[in-house]
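> One structure is given below, represented as structure tokens, and several questions about it will come after.
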Amino acid sequence: MFIKRFKKNKLAIFGLIVLTMIAFLAVFAQVISPYDPDDLGRTALEAPSASHIFGTDDFGRDIFSRALYGARVSITVGFVAVSIAVLIGLILGALAGYFGGFIDSVLMRFIDIMLSFPSIFLLLSIQVMLTPNIYNVMIVIGLTSWMGVARLVRSEILSVKERPYIEAARAIGASNMRILFRHVLPNSLYPVIVASTLGIAGAILTESALSFLGLGVQPPYASWGNMLQDSQAYLRDAWWMAVVPGCMILITVLCIYFVGEGIREAMDPRS
Amino acid sequence: MKTYLIKRLLMLIPLLIGISLISFFVMHLAPGDPTALFTDPNVKPAELARIRANWGLDKPVIVQYFYWLKNAVRGDFGTAYLINRPVTEVIFERLPATLLLMGASMLITLLLAVPLGVISAIKKNKFFDHAVTVFSFIGMSIPSFWLVLMLMLLFSVQLNILPATGMYDPLIKSSSLFVRAGDLLRHLALPCLTMVIISLAGITRYTRASMLEVLRQNYVRTARAKGLPERIVLFKHALRNALLPLITLLGMMLPDLFAGAFIIETVFAWPGMGRLGVTAVFSRNYPVVMGVVMMSAFLIVIGNMLADICYAVADPRIRLERRD
């Protein structure tokens, strides 16, 4: 049923195909990329041509190869950061929704605080204080993006926990934790799946913004964001340095949105 | 209403204290300190220690926090390091630029997004609707700073018709108000365009969803059933109710708006509060960062509160007293 409805959505299928291709390119970057992404041996700022389809950058590195390796970084950061965010969101949201009362109000106030923050400052401050590298980027994005999931899980649980089968579980003497993690949570998961799909897109955008500001993935490792950072100084002479990584981010994020929307529509009984 | 207002205002206090607590500790527990900015090797360690003591950095973080809080409650956010001016003064100097950028782009966004959303809801699943949907998704997927680079590339480098950075042209000496306003508008164009493109998508989709929801309601069916012309059903009965949730959305979008403005200000060298804050984070100018964070958080929570109140005033179905 779900797959059938998902298949009807042409944009979602298109998105899924493109994402699979990008993932393929990223996984096999070593085999596919025509040059070593860190090799400085060629002419700098060479326009796109047959030998360098996306041109070369200011250090004479092949941009196509770097874009492939950048895909690895961006996709990995997206997945790991969202996993962290979902894990925190699930646990806190479940605790708040299931136990209610004092725990609930404390956690909800905490979420209010986190949400009224201009998160860019939290991100920047934490990144300035930690050494900026790929692991810290994942952790920081995860730590600043769990609030949506937590709220979602909480409201789902509030509606699930009044259902008869939960009462039945309680009647046969199941413990709180067992009811919460075995019965309530699995029934609240669908909206979380959609939210985390969209979250990956957000995390990829955040990673690129951090790397762009010099606080994300550090050179010589390529990431789409730090490739864009390099491009700033050469906007006048080498437009391809800015266009290529940006288009990669745009296409990846766009396709994730298409897929996420496809999942949401396929699961929403109203549409 | 009065009790509700007082209750909401009181609830802001723990919220703001929480925000200040987190940002203060995140910054101050960082390894390294602001005196690292003095790279001059001739400054003696004793001298550095004196400066640290002067800035209050030699005390435990918790003590520093309470000092900060005690002054902040009285509206004193300390003195900015290095430039030695009161933080509030520096912030209020930069705030108008940020508000101008955010206000202008918000206004243009609304003027575009609402008609787009409404038309796409009315023409659901027609070509127009699909086109708007795809463009909205593209708008949501564009990294803001990259959009900035592309717009600069197009309008400043290729066409050379708009200035790429800054807020005023230092070469314009004319004191004519007209010339100055024209110059400001030219500088505002690109940052504003960037923000419009970025926030357009969300509001358009929200308006569309809200309009579709309303069109399903019984009172719309009633209006149609009693033979009202479709035009009146749509614009008199449906539209007004569909626009109500937008008030809440605008409130909820404030943090994103600030975050977006800060990145855009940084890339465009727009002399606003965001750029001030981002530079201060990099140079560890703690008092300035705290000031900017608190100022933006304050504007955000006040904005949210106003949105809730406006919503309740505009929608008689909602009774404030019953909400928590």
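Labeling convention for the structure tokens: chains A, B, ... as they appear, residues from 1 per chain, ligands from 1 in order of appearance.
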Show me, as a list in words, the residues that have an atom within 7 Å of B:Phe262 when counting only C-alpha atoms, minus same-chain residues fewer than 4 positions from it.
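Within the cut-off, the hits are Phe258, Thr266, Gly274 and Arg275 of chain B.
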> Can you build me a table of chain B residues sitting at most 6 Å from chain A, with the closest atom pair per residue and its distance in Å to one decimal, using only C-alpha atoms, sorted by chain and residue number, as a Markdown table?

| residue | atom | partner | partner_atom | distance |
| --- | --- | --- | --- | --- |
| B:Leu15 | CA | A:Ile113 | CA | 5.7 |
| B:Ile19 | CA | A:Ile113 | CA | 5.8 |
| B:Ala30 | CA | A:Met129 | CA | 4.8 |
| B:Ser141 | CA | A:Leu254 | CA | 5.3 |
| B:Ile142 | CA | A:Leu250 | CA | 5.3 |
| B:Pro255 | CA | A:Pro118 | CA | 5.5 |
| B:Ala259 | CA | A:Ile120 | CA | 5.6 |
| B:Ala297 | CA | A:Phe117 | CA | 5.7 |
> How far is it from atom CA of B:Pro271 to atom CA of B:Arg94, in Å with one decimal?
6.4 Å
> Using only C-alpha atoms, determine which residues lie at most 12 Å from stretch 182-192 of chain A, disregarding the query and same-chain residues fewer than 5 positions distant; provide the list as number ranges by chain.
A: 2, 82-83, 85-87, 89-95, 97-99, 146-170, 174-177, 197-199, 260-261, 263-268
> Save the residues we just selected, C-alpha atoms, as a PDB file, in the first residue's frame?

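This went into result.pdb:
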ATOM      1  CA  PHE A   2       2.664   2.453   1.095  1.00  0.00           C
ATOM      2  CA  VAL A  82      20.333  13.466  12.117  1.00  0.00           C
ATOM      3  CA  SER A  83      20.793  10.130  13.882  1.00  0.00           C
ATOM      4  CA  ALA A  85      19.248  14.487  16.765  1.00  0.00           C
ATOM      5  CA  VAL A  86      16.609  11.761  16.372  1.00  0.00           C
ATOM      6  CA  LEU A  87      18.049   9.741  19.233  1.00  0.00           C
ATOM      7  CA  GLY A  89      14.580  13.823  20.340  1.00  0.00           C
ATOM      8  CA  LEU A  90      13.085  10.347  20.709  1.00  0.00           C
ATOM      9  CA  ILE A  91      14.306   9.843  24.251  1.00  0.00           C
ATOM     10  CA  LEU A  92      13.408  13.304  25.575  1.00  0.00           C
ATOM     11  CA  GLY A  93      10.127  13.487  23.655  1.00  0.00           C
ATOM     12  CA  ALA A  94       9.112  10.027  24.840  1.00  0.00           C
ATOM     13  CA  LEU A  95       9.929  10.798  28.476  1.00  0.00           C
ATOM     14  CA  GLY A  97       5.005  12.684  26.589  1.00  0.00           C
ATOM     15  CA  TYR A  98       4.712   9.484  28.563  1.00  0.00           C
ATOM     16  CA  PHE A  99       5.337  10.710  32.093  1.00  0.00           C
ATOM     17  CA  TRP A 146      16.674  17.593  18.042  1.00  0.00           C
ATOM     18  CA  MET A 147      13.890  19.881  19.288  1.00  0.00           C
ATOM     19  CA  GLY A 148      11.482  19.361  16.403  1.00  0.00           C
ATOM     20  CA  VAL A 149      11.645  15.577  16.753  1.00  0.00           C
ATOM     21  CA  ALA A 150      11.184  15.781  20.514  1.00  0.00           C
ATOM     22  CA  ARG A 151       8.014  17.871  20.175  1.00  0.00           C
ATOM     23  CA  LEU A 152       6.689  15.574  17.489  1.00  0.00           C
ATOM     24  CA  VAL A 153       7.298  12.422  19.524  1.00  0.00           C
ATOM     25  CA  ARG A 154       5.746  14.005  22.583  1.00  0.00           C
ATOM     26  CA  SER A 155       2.518  14.944  20.826  1.00  0.00           C
ATOM     27  CA  GLU A 156       2.308  11.545  19.114  1.00  0.00           C
ATOM     28  CA  ILE A 157       2.764   9.789  22.431  1.00  0.00           C
ATOM     29  CA  LEU A 158       0.154  11.921  24.107  1.00  0.00           C
ATOM     30  CA  SER A 159      -2.342  10.671  21.526  1.00  0.00           C
ATOM     31  CA  VAL A 160      -1.140   7.042  21.489  1.00  0.00           C
ATOM     32  CA  LYS A 161      -0.976   6.493  25.221  1.00  0.00           C
ATOM     33  CA  GLU A 162      -4.713   6.811  25.759  1.00  0.00           C
ATOM     34  CA  ARG A 163      -5.491   3.964  23.361  1.00  0.00           C
ATOM     35  CA  PRO A 164      -6.928   0.706  24.697  1.00  0.00           C
ATOM     36  CA  TYR A 165      -3.950  -1.516  23.912  1.00  0.00           C
ATOM     37  CA  ILE A 166      -1.754   0.572  26.189  1.00  0.00           C
ATOM     38  CA  GLU A 167      -4.289   0.175  28.941  1.00  0.00           C
ATOM     39  CA  ALA A 168      -4.266  -3.562  28.243  1.00  0.00           C
ATOM     40  CA  ALA A 169      -0.473  -3.658  28.542  1.00  0.00           C
ATOM     41  CA  ARG A 170      -0.681  -1.845  31.850  1.00  0.00           C
ATOM     42  CA  ALA A 174       4.059  -4.367  32.080  1.00  0.00           C
ATOM     43  CA  SER A 175       6.577  -1.874  33.456  1.00  0.00           C
ATOM     44  CA  ASN A 176       6.597   1.786  32.466  1.00  0.00           C
ATOM     45  CA  MET A 177       9.777   1.442  30.452  1.00  0.00           C
ATOM     46  CA  THR A 197      14.323  12.571   6.199  1.00  0.00           C
ATOM     47  CA  LEU A 198      13.811  16.317   5.990  1.00  0.00           C
ATOM     48  CA  GLY A 199      16.310  16.721   8.833  1.00  0.00           C
ATOM     49  CA  GLY A 260      10.542  13.172   2.186  1.00  0.00           C
ATOM     50  CA  GLU A 261       7.413  14.759   0.789  1.00  0.00           C
ATOM     51  CA  ILE A 263       6.881   9.516   2.107  1.00  0.00           C
ATOM     52  CA  ARG A 264       4.681  12.010   3.927  1.00  0.00           C
ATOM     53  CA  GLU A 265       1.996  11.957   1.273  1.00  0.00           C
ATOM     54  CA  ALA A 266       2.103   8.183   0.982  1.00  0.00           C
ATOM     55  CA  MET A 267       1.551   7.841   4.733  1.00  0.00           C
ATOM     56  CA  ASP A 268      -1.016  10.579   5.159  1.00  0.00           C
TER      57      ASP A 268
END
> May I have the residues within 8 Å of stretch 52-64 of chain B as a short mmCIF file (atom, residue, chain, number, x, y, z; two decimals) with C-alpha atoms, in the first residue's frame, using only C-alpha atoms and disregarding those fewer than 4 positions away in the same chain?

data_model
loop_
_atom_site.label_atom_id
_atom_site.label_comp_id
_atom_site.auth_asym_id
_atom_site.auth_seq_id
_atom_site.Cartn_x
_atom_site.Cartn_y
_atom_site.Cartn_z
CA PHE B 25 28.51 28.74 29.77
CA HIS B 28 33.13 30.67 28.84
CA LEU B 29 33.88 26.98 29.19
CA THR B 35 43.50 37.75 25.53
CA LEU B 48 47.94 39.81 30.24
CA TRP B 68 26.85 39.62 34.23
#
> Would you work out the distance separating atom CA of B:Val267 from atom CA of B:Val157, expressed in Å to one decimal?
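Pair atom CA of B:Val267 / atom CA of B:Val157 returns 15.5 Å.
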> May I have the residues within 12 Å of A:Asp62 as a PyMOL selection string, using only C-alpha atoms and disregarding those fewer than 6 positions away in the same chain?
chain A and resi 33-56+68-69+222+227+240-241+244
